[in-house]
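Data from start08.cif: mmCIF, C-alpha atoms
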data_data
loop_
_atom_site.label_atom_id
_atom_site.label_comp_id
_atom_site.auth_asym_id
_atom_site.auth_seq_id
_atom_site.Cartn_x
_atom_site.Cartn_y
_atom_site.Cartn_z
CA MET A 223 8.48 26.28 17.49
CA ASN A 224 11.94 26.28 15.91
CA ILE A 225 12.42 23.08 13.89
CA THR A 226 15.86 23.10 12.28
CA ASP A 227 16.47 19.65 10.79
CA TYR A 228 15.01 16.41 9.49
CA THR A 229 15.00 14.70 12.89
CA GLY A 230 13.06 17.58 14.41
CA ALA A 231 10.57 17.53 11.53
CA VAL A 232 9.90 13.79 11.90
CA SER A 233 9.58 14.13 15.67
CA TYR A 234 7.08 16.98 15.24
CA ILE A 235 4.96 15.08 12.69
CA SER A 236 5.03 11.89 14.76
CA SER A 237 3.58 13.73 17.76
CA ILE A 238 0.44 14.69 15.82
CA PRO A 239 -2.80 12.66 16.04
CA ARG A 240 -3.16 10.01 13.34
CA PHE A 241 -6.83 10.73 12.83
CA ALA A 242 -9.01 13.83 12.99
CA ASP A 243 -12.68 14.78 13.11
CA LYS A 244 -14.46 14.20 9.80
CA ASN A 245 -15.16 17.92 9.54
CA ASP A 246 -11.42 18.40 9.19
CA PHE A 247 -11.64 17.64 5.45
CA THR A 248 -12.96 21.15 4.77
CA ASN A 249 -9.96 22.77 6.47
CA MET A 250 -7.57 20.33 4.82
CA LYS A 251 -8.92 21.18 1.38
CA ALA A 252 -8.76 24.91 2.13
CA PHE A 253 -5.11 24.63 3.15
CA TYR A 254 -4.23 22.63 0.05
CA GLU A 255 -5.87 25.28 -2.11
CA TYR A 256 -3.85 27.91 -0.25
CA MET A 257 -0.65 25.95 -0.93
CA ASP A 258 -1.60 25.51 -4.58
CA LYS A 259 -2.16 29.25 -4.95
CA GLU A 260 1.29 29.96 -3.47
CA LEU A 261 3.25 27.14 -5.14
CA SER A 262 1.24 26.17 -8.25
CA LEU A 263 1.11 22.52 -7.21
CA GLU A 264 -1.53 21.55 -9.75
CA ASN A 265 -0.29 21.21 -13.31
CA LYS A 266 -2.81 20.10 -15.94
CA GLU A 267 0.03 18.82 -18.09
CA ASN A 268 0.85 16.18 -15.47
CA LYS A 269 -0.60 12.69 -15.56
CA VAL A 270 -2.14 12.05 -12.15
CA PHE A 271 -3.23 8.59 -10.97
CA HIS A 272 -5.35 8.32 -7.80
CA VAL A 273 -5.56 4.86 -6.20
CA ALA A 274 -7.97 3.68 -3.49
CA GLY A 275 -9.04 0.24 -2.27
CA THR A 276 -8.48 -2.29 0.50
CA ASN A 277 -5.78 -4.60 -0.84
CA GLY A 278 -3.31 -4.07 -3.68
CA LYS A 279 -3.07 -0.27 -3.64
CA GLY A 280 0.67 -0.10 -3.06
CA SER A 281 1.48 -2.77 -5.63
CA THR A 282 -0.76 -1.14 -8.23
CA CYS A 283 1.00 2.16 -7.61
CA ALA A 284 4.36 0.42 -7.99
CA TYR A 285 3.36 -1.07 -11.37
CA LEU A 286 2.09 2.33 -12.57
CA ALA A 287 5.34 3.96 -11.48
CA SER A 288 7.57 1.31 -13.03
CA VAL A 289 5.87 1.61 -16.43
CA SER A 290 5.97 5.42 -16.20
CA ARG A 291 9.72 5.29 -15.56
CA ALA A 292 10.13 2.87 -18.48
CA MET A 293 8.42 5.54 -20.61
CA GLY A 294 11.06 8.03 -19.49
CA LYS A 295 8.70 10.05 -17.29
CA ARG A 296 9.80 11.84 -14.13
CA THR A 297 7.61 10.06 -11.61
CA GLY A 298 6.45 10.87 -8.07
CA VAL A 299 4.76 8.22 -5.91
CA PHE A 300 3.07 8.68 -2.52
CA THR A 301 2.28 5.47 -0.60
CA SER A 302 1.84 4.23 2.96
CA PRO A 303 2.76 2.90 5.37
CA HIS A 304 6.55 2.93 5.44
CA LEU A 305 8.46 -0.11 6.67
CA THR A 306 11.65 1.32 8.15
CA ASP A 307 12.00 4.97 7.06
CA ILE A 308 9.34 7.67 6.73
CA CYS A 309 10.99 8.87 3.51
CA GLU A 310 9.89 5.60 1.85
CA ARG A 311 6.42 7.12 1.49
CA ILE A 312 7.62 9.77 -0.98
CA VAL A 313 9.44 8.40 -4.02
CA VAL A 314 10.80 10.34 -6.98
CA ASP A 315 11.68 8.07 -9.89
CA ASP A 316 12.91 4.88 -8.19
CA LYS A 317 14.32 6.34 -4.95
CA HIS A 318 12.71 7.70 -1.83
CA ILE A 319 13.55 11.32 -1.19
CA GLU A 320 16.63 12.22 0.83
CA GLU A 321 16.31 13.52 4.38
CA GLN A 322 17.36 17.04 3.39
CA GLU A 323 14.71 17.15 0.67
CA PHE A 324 12.08 15.90 3.11
CA PHE A 325 13.04 18.68 5.51
CA ALA A 326 13.01 21.33 2.78
CA ALA A 327 9.48 20.33 1.77
CA PHE A 328 8.40 20.14 5.42
CA LYS A 329 9.74 23.64 6.10
CA LYS A 330 7.80 25.05 3.14
CA VAL A 331 4.57 23.44 4.39
CA TYR A 332 5.28 24.54 7.97
CA ASP A 333 5.80 28.15 6.94
CA LEU A 334 2.71 28.23 4.71
CA LEU A 335 0.64 26.63 7.47
CA GLY A 336 1.65 29.43 9.82
CA GLN A 337 0.46 32.01 7.28
CA PHE A 338 -2.75 30.08 6.64
CA LYS A 339 -3.58 29.85 10.33
CA ALA A 340 -3.21 33.61 10.67
CA GLN A 341 -6.70 33.69 9.19
CA GLU A 342 -9.21 33.58 12.03
CA ALA A 343 -11.38 30.95 10.35
CA TYR A 344 -8.51 28.47 10.26
CA SER A 345 -6.55 29.42 13.39
CA SER A 346 -7.24 26.07 15.09
CA TYR A 347 -6.44 23.83 12.11
CA ILE A 348 -3.89 21.09 12.81
CA PRO A 349 -3.14 18.66 9.94
CA THR A 350 -3.10 14.98 10.87
CA TYR A 351 0.02 12.83 10.55
CA PHE A 352 -1.12 11.51 7.15
CA ALA A 353 -2.16 14.96 5.89
CA TRP A 354 1.26 16.36 6.83
CA LEU A 355 2.96 13.69 4.75
CA PHE A 356 0.61 14.29 1.84
CA PHE A 357 1.34 18.04 1.89
CA ILE A 358 5.09 17.36 2.09
CA ALA A 359 4.84 14.95 -0.86
CA ALA A 360 2.94 17.52 -2.95
CA VAL A 361 5.70 20.07 -2.38
CA ALA A 362 8.45 17.49 -2.97
CA PHE A 363 6.94 16.44 -6.30
CA LYS A 364 6.66 20.06 -7.37
CA ARG A 365 10.30 20.69 -6.46
CA ALA A 366 11.38 17.55 -8.34
CA GLY A 367 9.47 18.48 -11.48
CA ALA A 368 7.43 15.26 -11.54
CA GLU A 369 5.51 14.69 -14.78
CA VAL A 370 3.57 11.69 -13.47
CA ILE A 371 2.16 11.70 -9.94
CA ILE A 372 0.67 8.61 -8.30
CA TRP A 373 -1.34 9.13 -5.12
CA GLU A 374 -2.28 6.22 -2.88
CA THR A 375 -5.07 6.96 -0.42
CA GLY A 376 -4.75 6.08 3.24
CA LEU A 377 -7.49 3.97 4.77
CA GLY A 378 -10.46 5.55 2.97
CA GLY A 379 -11.05 7.76 -0.03
CA ARG A 380 -13.92 10.21 0.31
CA LEU A 381 -12.38 12.08 3.26
CA ASP A 382 -8.77 11.14 2.54
CA ALA A 383 -6.15 13.88 2.39
CA THR A 384 -5.26 12.88 -1.17
CA ASN A 385 -8.85 13.54 -2.24
CA VAL A 386 -8.27 17.30 -2.10
CA ILE A 387 -6.37 17.16 -5.40
CA VAL A 388 -8.19 18.96 -8.19
CA HIS A 389 -6.61 17.69 -11.40
CA LYS A 390 -6.27 13.96 -12.01
CA SER A 391 -6.21 11.74 -15.05
CA ILE A 392 -7.87 8.65 -13.65
CA SER A 393 -9.36 7.11 -10.50
CA ILE A 394 -8.31 3.53 -9.71
CA ILE A 395 -10.08 1.30 -7.19
CA THR A 396 -8.42 -1.97 -6.20
CA GLU A 397 -10.04 -4.92 -4.42
CA ILE A 398 -12.47 -3.87 -1.69
CA GLY A 399 -12.78 -5.99 1.45
CA PHE A 400 -13.32 -5.79 5.19
CA ASP A 401 -10.71 -3.59 6.85
CA HIS A 402 -10.79 -0.46 9.04
CA MET A 403 -14.49 -1.10 9.69
CA GLU A 404 -14.50 1.23 12.70
CA TYR A 405 -13.85 4.13 10.30
CA LEU A 406 -15.35 2.97 6.99
CA GLY A 407 -18.39 0.93 7.95
CA ASP A 408 -19.31 -2.69 8.60
CA THR A 409 -20.60 -3.71 5.17
CA ILE A 410 -18.96 -3.98 1.76
CA GLU A 411 -21.39 -1.36 0.47
CA LYS A 412 -20.42 1.17 3.14
CA ILE A 413 -16.70 0.54 2.65
CA ALA A 414 -17.06 0.75 -1.15
CA THR A 415 -18.90 4.07 -0.79
CA GLU A 416 -15.98 5.55 1.14
CA LYS A 417 -13.36 4.16 -1.27
CA ALA A 418 -15.30 5.25 -4.35
CA GLY A 419 -15.45 8.76 -2.94
CA ILE A 420 -12.36 9.50 -5.04
CA ILE A 421 -14.48 9.36 -8.22
CA LYS A 422 -14.65 12.81 -9.79
CA ALA A 423 -16.85 14.33 -12.47
CA GLY A 424 -15.80 13.30 -15.96
CA VAL A 425 -12.66 11.47 -14.77
CA PRO A 426 -12.48 7.82 -15.96
CA VAL A 427 -12.54 5.02 -13.39
CA VAL A 428 -10.84 1.63 -13.54
CA ALA A 429 -11.74 -0.86 -10.82
CA THR A 430 -11.13 -4.46 -9.83
CA PHE A 431 -14.16 -6.69 -10.21
CA ARG A 432 -14.39 -9.07 -7.27
CA GLU A 433 -17.67 -8.46 -5.41
CA VAL A 434 -21.00 -7.66 -7.01
CA ALA A 435 -21.90 -5.49 -4.00
CA SER A 436 -18.89 -3.18 -4.42
CA LYS A 437 -19.28 -3.19 -8.22
CA LYS A 438 -22.83 -1.84 -7.93
CA VAL A 439 -21.69 0.98 -5.62
CA ILE A 440 -18.83 2.00 -7.91
CA GLU A 441 -21.05 1.86 -11.01
CA LYS A 442 -23.70 4.02 -9.35
CA MET A 443 -21.20 6.64 -8.17
CA ALA A 444 -19.46 6.73 -11.55
CA LEU A 445 -22.81 7.21 -13.29
CA GLU A 446 -23.69 10.08 -10.95
CA GLN A 447 -20.37 11.76 -11.81
CA ASN A 448 -20.64 11.02 -15.55
CA ALA A 449 -17.34 9.15 -15.25
CA TYR A 450 -16.53 6.41 -17.76
CA CYS A 451 -16.05 3.22 -15.75
CA ILE A 452 -14.55 -0.17 -16.60
CA PHE A 453 -13.99 -3.23 -14.43
CA VAL A 454 -10.94 -5.46 -14.75
CA LYS A 455 -11.06 -9.16 -14.00
CA LYS A 456 -8.13 -11.24 -12.90
CA PRO A 457 -6.26 -12.91 -15.81
CA VAL A 458 -7.20 -16.54 -16.36
CA GLU A 459 -4.09 -17.65 -18.26
CA ILE A 460 -1.51 -17.66 -15.48
CA LYS A 461 1.66 -19.74 -15.36
CA VAL A 462 3.76 -19.74 -12.20
CA ASN A 463 7.45 -20.34 -12.87
CA GLU A 464 8.70 -21.07 -9.38
CA ALA A 465 12.23 -21.92 -10.47
CA GLY A 466 12.55 -18.46 -12.01
CA ARG A 467 10.45 -16.84 -9.26
CA ALA A 468 8.19 -15.32 -11.92
CA ILE A 469 4.66 -15.43 -13.29
CA ASP A 470 3.59 -15.27 -16.93
CA PHE A 471 0.08 -14.14 -17.75
CA CYS A 472 -2.02 -13.03 -20.69
CA TYR A 473 -3.81 -9.67 -20.72
CA LYS A 474 -6.42 -8.56 -23.23
CA SER A 475 -5.00 -5.16 -24.07
CA ARG A 476 -6.95 -2.22 -25.43
CA TYR A 477 -4.17 -1.59 -27.94
CA TYR A 478 -2.36 -4.89 -28.45
CA SER A 479 -5.05 -7.60 -28.41
CA SER A 480 -4.02 -10.51 -26.16
CA ALA A 481 -0.50 -9.73 -24.96
CA ASP A 482 1.81 -11.83 -22.80
CA PHE A 483 3.52 -10.33 -19.76
CA GLU A 484 5.92 -11.48 -17.06
CA ILE A 485 6.19 -10.22 -13.49
CA ASN A 486 9.00 -10.95 -11.05
CA THR A 487 7.06 -12.55 -8.22
CA ILE A 488 5.49 -15.83 -7.13
CA ALA A 489 2.44 -13.99 -5.74
CA GLU A 490 -0.40 -14.88 -8.07
CA TYR A 491 -2.48 -12.00 -6.68
CA GLN A 492 -0.04 -9.54 -8.27
CA THR A 493 -1.40 -10.40 -11.72
CA GLU A 494 -4.62 -8.65 -10.71
CA ASN A 495 -2.76 -5.52 -9.61
CA ALA A 496 -0.63 -5.58 -12.76
CA THR A 497 -3.65 -5.82 -15.08
CA LEU A 498 -5.41 -3.04 -13.18
CA ALA A 499 -2.36 -0.82 -13.72
CA LEU A 500 -2.19 -1.78 -17.41
CA SER A 501 -5.85 -0.94 -17.92
CA ALA A 502 -5.44 2.44 -16.20
CA LEU A 503 -2.39 3.30 -18.27
CA GLU A 504 -4.28 2.48 -21.46
CA GLN A 505 -7.05 4.90 -20.47
CA VAL A 506 -4.57 7.72 -19.87
CA TYR A 507 -2.10 7.30 -22.75
CA THR A 508 -2.49 6.80 -26.49
CA LYS A 509 -1.15 3.73 -28.27
CA ALA A 510 1.64 5.85 -29.74
CA GLU A 511 2.74 6.86 -26.24
CA LEU A 512 2.38 3.41 -24.70
CA SER A 513 4.46 0.84 -26.54
CA LEU A 514 4.14 -2.86 -25.72
CA GLU A 515 7.89 -2.95 -25.09
CA LYS A 516 7.63 -0.27 -22.38
CA LEU A 517 4.61 -1.97 -20.77
CA ARG A 518 6.46 -5.28 -20.57
CA LEU A 519 9.66 -3.69 -19.29
CA GLY A 520 7.79 -1.71 -16.64
CA LEU A 521 5.93 -4.71 -15.28
CA LEU A 522 9.03 -6.91 -15.30
CA ASN A 523 11.12 -4.34 -13.40
CA MET A 524 8.57 -3.58 -10.68
CA LYS A 525 9.82 -4.12 -7.14
CA TRP A 526 7.70 -3.72 -4.02
CA GLN A 527 8.72 -4.53 -0.47
CA GLY A 528 6.78 -6.98 1.66
CA ARG A 529 4.65 -8.66 -1.00
CA MET A 530 5.82 -12.29 -1.22
CA GLU A 531 9.29 -10.78 -1.00
CA GLU A 532 12.06 -13.35 -0.70
CA ILE A 533 14.54 -11.43 1.41
CA GLU A 534 16.96 -14.36 1.39
CA PRO A 535 16.69 -17.93 0.08
CA GLY A 536 13.75 -19.64 1.75
CA VAL A 537 12.58 -16.59 3.77
CA ILE A 538 9.51 -14.79 2.43
CA PHE A 539 7.82 -11.67 3.83
CA ASP A 540 4.22 -10.87 2.86
CA GLY A 541 2.24 -7.87 4.07
CA ALA A 542 -1.14 -9.66 4.17
CA HIS A 543 -3.00 -8.11 7.12
CA ASN A 544 -6.69 -8.83 6.60
CA VAL A 545 -8.87 -11.77 5.63
CA ASP A 546 -8.74 -11.17 1.88
CA GLY A 547 -4.99 -10.58 2.00
CA ILE A 548 -4.39 -13.78 3.94
CA THR A 549 -6.58 -15.72 1.49
CA ALA A 550 -4.43 -14.49 -1.41
CA PHE A 551 -1.23 -15.17 0.56
CA LEU A 552 -2.26 -18.77 1.29
CA LYS A 553 -3.06 -19.37 -2.37
CA SER A 554 0.45 -18.23 -3.31
CA VAL A 555 2.00 -20.46 -0.63
CA ASN A 556 -0.08 -23.40 -1.81
CA ASN A 557 1.20 -22.91 -5.37
CA MET A 558 4.80 -23.29 -4.21
CA GLU A 559 6.43 -26.67 -4.60
CA ASN A 560 8.97 -27.61 -1.97
CA LYS A 561 10.05 -30.85 -0.34
CA GLY A 562 10.72 -29.33 3.05
CA LYS A 563 8.61 -27.87 5.84
CA LYS A 564 6.84 -24.53 5.94
CA TYR A 565 7.16 -22.35 9.05
CA LEU A 566 5.02 -19.29 9.75
CA LEU A 567 5.71 -16.25 11.94
CA PHE A 568 2.55 -14.20 12.55
CA SER A 569 1.56 -11.04 14.35
CA ALA A 570 -1.04 -8.32 13.85
CA VAL A 571 -2.26 -4.99 15.15
CA THR A 572 -5.25 -4.75 17.46
CA ASP A 573 -7.77 -3.38 14.95
CA LYS A 574 -7.31 -6.29 12.52
CA GLN A 575 -9.21 -9.57 12.51
CA ALA A 576 -6.33 -11.69 13.77
CA ASP A 577 -8.64 -14.50 14.88
CA LYS A 578 -10.22 -14.84 11.44
CA MET A 579 -6.84 -14.65 9.70
CA LEU A 580 -5.43 -17.42 11.90
CA LYS A 581 -8.53 -19.54 11.37
CA LEU A 582 -7.81 -19.47 7.62
CA ILE A 583 -4.12 -20.17 8.18
CA ASN A 584 -4.92 -23.14 10.42
CA ALA A 585 -7.53 -24.53 8.01
CA SER A 586 -5.06 -24.37 5.11
CA GLY A 587 -2.92 -27.15 6.62
CA LEU A 588 0.11 -25.64 4.90
CA PHE A 589 2.38 -25.05 7.87
CA TYR A 590 4.48 -27.40 9.98
CA LYS A 591 4.88 -24.83 12.74
CA ILE A 592 3.16 -21.53 13.60
CA VAL A 593 4.76 -18.94 15.87
CA LEU A 594 2.78 -16.00 17.25
CA ALA A 595 4.91 -13.06 18.31
CA HIS A 596 4.61 -9.72 20.06
CA MET A 597 5.61 -6.67 18.01
CA ASP A 598 7.41 -3.64 19.38
CA ASN A 599 4.51 -1.41 18.35
CA GLU A 600 1.88 0.32 20.47
CA ARG A 601 -0.82 -0.97 18.12
CA GLY A 602 0.38 -4.58 18.29
CA ILE A 603 -1.73 -7.29 19.91
CA ASP A 604 -0.82 -7.83 23.56
CA ASP A 605 0.31 -10.97 25.38
CA ASP A 606 -3.19 -11.89 26.59
CA THR A 607 -4.55 -11.70 23.04
CA LEU A 608 -1.67 -13.83 21.77
CA GLU A 609 -2.56 -16.47 24.36
CA LYS A 610 -6.22 -16.39 23.33
CA LEU A 611 -5.20 -16.78 19.70
CA LYS A 612 -3.03 -19.74 20.60
CA ASN A 613 -5.92 -21.37 22.47
CA GLN A 614 -8.10 -20.81 19.40
CA LEU A 615 -5.67 -23.07 17.52
CA ALA A 616 -5.81 -25.79 20.18
CA ASN A 617 -6.08 -28.48 17.52
CA PHE A 618 -2.75 -27.36 16.04
CA GLU A 619 -0.02 -29.00 18.09
CA ASN A 620 3.10 -27.22 16.87
CA ILE A 621 2.42 -23.62 17.92
CA GLU A 622 4.45 -21.27 20.13
CA ILE A 623 4.36 -17.70 21.44
CA TYR A 624 7.34 -15.35 21.68
CA ASN A 625 7.31 -11.89 23.26
CA ASP A 626 9.91 -10.64 20.78
CA ALA A 627 9.24 -11.01 17.04
CA PHE A 628 12.90 -10.70 16.05
CA VAL A 629 14.00 -13.36 18.55
CA ALA A 630 11.28 -15.64 17.17
CA TYR A 631 12.48 -14.93 13.64
CA GLU A 632 16.09 -15.79 14.49
CA ILE A 633 15.13 -19.03 16.25
CA LEU A 634 12.93 -20.15 13.35
CA LYS A 635 15.75 -19.48 10.88
CA LYS A 636 18.09 -21.68 12.95
CA ASP A 637 15.51 -24.49 13.02
CA MET A 638 15.09 -24.47 9.23
CA GLN A 639 16.69 -26.98 6.91
CA LYS A 640 17.90 -26.01 3.43
CA SER A 641 14.68 -27.20 1.75
CA ASP A 642 12.37 -25.44 4.26
CA TYR A 643 10.55 -22.13 3.96
CA LEU A 644 9.86 -19.45 6.54
CA PHE A 645 6.94 -17.12 5.88
CA VAL A 646 6.21 -13.91 7.79
CA CYS A 647 2.77 -12.28 7.55
CA GLY A 648 -0.05 -10.57 9.44
CA SER A 649 1.18 -6.98 9.49
CA LEU A 650 3.34 -4.59 7.50
CA TYR A 651 4.47 -3.24 10.87
CA LEU A 652 5.84 -6.70 11.69
CA ILE A 653 7.75 -6.76 8.40
CA GLY A 654 9.04 -3.24 9.02
CA GLU A 655 10.25 -4.16 12.51
CA LEU A 656 12.07 -7.26 11.27
CA LYS A 657 13.69 -5.40 8.38
CA ARG A 658 14.88 -2.68 10.75
CA ARG A 659 16.36 -5.11 13.25
CA ILE A 660 17.92 -7.26 10.54
CA LYS A 661 19.68 -4.13 9.27
CA GLU A 662 20.78 -3.18 12.79
CA ASN A 663 22.25 -6.63 13.36
CA ASP A 664 24.11 -6.91 10.05
#
Kindly transcribe the structure held in the file into structure tokens.
Amino acid sequence: MNITDYTGAVSYISSIPRFADKNDFTNMKAFYEYMDKELSLENKENKVFHVAGTNGKGSTCAYLASVSRAMGKRTGVFTSPHLTDICERIVVDDKHIEEQEFFAAFKKVYDLLGQFKAQEAYSSYIPTYFAWLFFIAAVAFKRAGAEVIIWETGLGGRLDATNVIVHKSISIITEIGFDHMEYLGDTIEKIATEKAGIIKAGVPVVATFREVASKKVIEKMALEQNAYCIFVKKPVEIKVNEAGRAIDFCYKSRYYSSADFEINTIAEYQTENATLALSALEQVYTKAELSLEKLRLGLLNMKWQGRMEEIEPGVIFDGAHNVDGITAFLKSVNNMENKGKKYLLFSAVTDKQADKMLKLINASGLFYKIVLAHMDNERGIDDDTLEKLKNQLANFENIEIYNDAFVAYEILKKDMQKSDYLFVCGSLYLIGELKRRIKEND
């Protein structure tokens, strides 16, 4: 196949299955090792952060990256999913890679894959969509000369494409909750086992402490790997400054005793992600390398799309897409003081617990009006499911269904008064679709 440009590369990758047989990990690891041998991808001088978990992975990565940039480090970050552009998944310093750089990295992987598959044992190997993007990111970071590399896992950990990396400085595990149960298991213990599969021999582990069940799994796996493990609790001294759209909190630092920090968000749950990142950084760097000034600057400058993101006055997008995420989202909404009404636009993909999320939303009593909408996405919940969800909220009088999320969004904005708020949640795909169509209609 002759792929000659960025558009062709994206089209090719998008045609590949999203998931593969579990046995595929062996082939994936073998190909990565082949790439490393050819391109010297692994550099022991680099600082490598590996992040797994259910909620908060992307934000934790963003805090790690922002502090690393404040330290003057050339930084590469791999996250998922993207909202509007596939290049968003691969960031060097504070910008996603350009299309021509994406294609150059793709072409290198494509050519090496052809050579690799010439070996009879691997002739049938086809990387998944996610693995392709991971391989492209590894090449892109090498080409960019990244000194710090931050890898976010996909839905798991143990069999994740990112888990083929050999050298890393630390393993980070964010909050673990119920999500992707069809792949990871139906109990917290099973899910935690998959997520904690990123723990490697002798590599320190920093994890969020929420559930005793997941804590026990992580502790056990860390002990088996002789990996130093610490758990980070959410800060207790938190002050939400809504007027300034910021949060102040106190963190008990390894190097600086109890230190005060500020983050540019009204999402209280981000304090947990910020402290997790701080703790990880303090395990990787010495006090001389990690000044309090750089830590504060990095946290303050962090920006991350779709996490209580106020895209314009009174309009807030949040990527909460599971029960734990919605719980944190509702807490942030409840902390907001406003004299007007709160509107909610909600949609979800079929493999999420939309019924349980809406039950929490309804029970919160926070919203004047709820609108359920159909997304332009093959994974989005269909019209029949939307109707069932509406019937589930029969006690909530002000609820509507729209078959076009963007139309619903525009109508809600017109209905709003100056003191009102419109919140959008339930799926990052919903946020991505709205951002794309907002841009198209500007």
Within 9 Å of Ile348 (chain A) using all atoms listed in the file, minus same-chain residues under 2 positions, as a list of chain:residue names: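 Residues meeting the cut-off are A:Ile238, A:Ala242, A:Asp246, A:Asn249, A:Met250, A:Leu335, A:Ser345, A:Ser346, A:Thr350.
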Could those selected residues go to a file with C-alpha atoms, as a PDB file, in the frame of the given file?
ATOM      1  CA  ILE A 238       0.440  14.690  15.820  1.00  0.00           C
ATOM      2  CA  ALA A 242      -9.010  13.830  12.990  1.00  0.00           C
ATOM      3  CA  ASP A 246     -11.420  18.400   9.190  1.00  0.00           C
ATOM      4  CA  ASN A 249      -9.960  22.770   6.470  1.00  0.00           C
ATOM      5  CA  MET A 250      -7.570  20.330   4.820  1.00  0.00           C
ATOM      6  CA  LEU A 335       0.640  26.630   7.470  1.00  0.00           C
ATOM      7  CA  SER A 345      -6.550  29.420  13.390  1.00  0.00           C
ATOM      8  CA  SER A 346      -7.240  26.070  15.090  1.00  0.00           C
ATOM      9  CA  THR A 350      -3.100  14.980  10.870  1.00  0.00           C
TER      10      THR A 350
END
Hits of the PyMOL selection byres ((chain A and resi 629) around 12) in this structure, as a VMD selection string: chain A and resid 567 593 to 598 623 to 628 630 to 636 655 to 656 659 to 660 663
Any chance you could export the current selection's C-alpha atoms as an mmCIF file, in the coordinates of the input?
data_model
loop_
_atom_site.group_PDB
_atom_site.id
_atom_site.type_symbol
_atom_site.label_atom_id
_atom_site.label_comp_id
_atom_site.auth_asym_id
_atom_site.auth_seq_id
_atom_site.Cartn_x
_atom_site.Cartn_y
_atom_site.Cartn_z
ATOM 1 C CA LEU A 567 5.710 -16.250 11.940
ATOM 2 C CA VAL A 593 4.760 -18.940 15.870
ATOM 3 C CA LEU A 594 2.780 -16.000 17.250
ATOM 4 C CA ALA A 595 4.910 -13.060 18.310
ATOM 5 C CA HIS A 596 4.610 -9.720 20.060
ATOM 6 C CA MET A 597 5.610 -6.670 18.010
ATOM 7 C CA ASP A 598 7.410 -3.640 19.380
ATOM 8 C CA ILE A 623 4.360 -17.700 21.440
ATOM 9 C CA TYR A 624 7.340 -15.350 21.680
ATOM 10 C CA ASN A 625 7.310 -11.890 23.260
ATOM 11 C CA ASP A 626 9.910 -10.640 20.780
ATOM 12 C CA ALA A 627 9.240 -11.010 17.040
ATOM 13 C CA PHE A 628 12.900 -10.700 16.050
ATOM 14 C CA ALA A 630 11.280 -15.640 17.170
ATOM 15 C CA TYR A 631 12.480 -14.930 13.640
ATOM 16 C CA GLU A 632 16.090 -15.790 14.490
ATOM 17 C CA ILE A 633 15.130 -19.030 16.250
ATOM 18 C CA LEU A 634 12.930 -20.150 13.350
ATOM 19 C CA LYS A 635 15.750 -19.480 10.880
ATOM 20 C CA LYS A 636 18.090 -21.680 12.950
ATOM 21 C CA GLU A 655 10.250 -4.160 12.510
ATOM 22 C CA LEU A 656 12.070 -7.260 11.270
ATOM 23 C CA ARG A 659 16.360 -5.110 13.250
ATOM 24 C CA ILE A 660 17.920 -7.260 10.540
ATOM 25 C CA ASN A 663 22.250 -6.630 13.360
#
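Minimum distance to Glu446 (chain A) across A:Glu559, A:Ser237, A:Gly419, A:Thr430 (counting all atoms listed in the file) occurs at A:Gly419.
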Among the residues A:Gly280, A:Gly336, A:Gly367, A:Gly587, the one that comes closest to Thr396 (chain A) [using all atoms listed in the file]: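 Of the candidates, the smallest distance to Thr396 (chain A) is held by A:Gly280.
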Run the PyMOL selection byres ((chain A and resi 309) around 9) mentally over the shown coordinates, then write out the matched residues as a PDB file with C-alpha atoms, in the coordinates of the input, using the chain letters and numbers from the document.
ATOM      1  CA  HIS A 304       6.550   2.930   5.440  1.00  0.00           C
ATOM      2  CA  THR A 306      11.650   1.320   8.150  1.00  0.00           C
ATOM      3  CA  ASP A 307      12.000   4.970   7.060  1.00  0.00           C
ATOM      4  CA  ILE A 308       9.340   7.670   6.730  1.00  0.00           C
ATOM      5  CA  GLU A 310       9.890   5.600   1.850  1.00  0.00           C
ATOM      6  CA  ARG A 311       6.420   7.120   1.490  1.00  0.00           C
ATOM      7  CA  ILE A 312       7.620   9.770  -0.980  1.00  0.00           C
ATOM      8  CA  VAL A 313       9.440   8.400  -4.020  1.00  0.00           C
ATOM      9  CA  HIS A 318      12.710   7.700  -1.830  1.00  0.00           C
ATOM     10  CA  ILE A 319      13.550  11.320  -1.190  1.00  0.00           C
ATOM     11  CA  GLU A 320      16.630  12.220   0.830  1.00  0.00           C
ATOM     12  CA  GLU A 321      16.310  13.520   4.380  1.00  0.00           C
ATOM     13  CA  PHE A 324      12.080  15.900   3.110  1.00  0.00           C
TER      14      PHE A 324
END
Matched chain/residue IDs from the PyMOL selection byres ((chain A and resi 383) around 10), as a ChimeraX atom specification: /A:246-247,250-251,254,349-350,352-357,375-376,378-382,384-387
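Residue nearest Gly294 (chain A), chosen from A:Val434, A:Ala481, A:Leu517, A:Val425 and counting only C-alpha atoms: A:Leu517.
The space between CA of Val299 (chain A) and CA of Asp333 (chain A) spans 23.7 Å.
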One-decimal distance in Å that lies between CA of Asn268 (chain A) and CA of Val506 (chain A):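 The value is 11.0 Å.
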Nearest-residue call for Glu397 (chain A), choices A:Ser262, A:Thr572, A:Asn495, A:Asn599, using all atoms listed in the file: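 That would be A:Asn495, the residue with the smallest distance to Glu397 (chain A).
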All residues 9 Å or closer to Ala362 (chain A), only C-alpha atoms, same chain fewer than 6 positions away omitted, as a PyMOL selection string: chain A and resi 298+312+314+319+323-324+326-328+368
Would you give the centre and edge lengths, in Å to one decimal, of a box along x, y and z around the listed atoms of region 454-461 of chain A, with 4 Å added to each side, as AutoDock Vina command-line options?
--center_x -4.7 --center_y -12.6 --center_z -15.6 --size_x 20.7 --size_y 22.3 --size_z 13.4
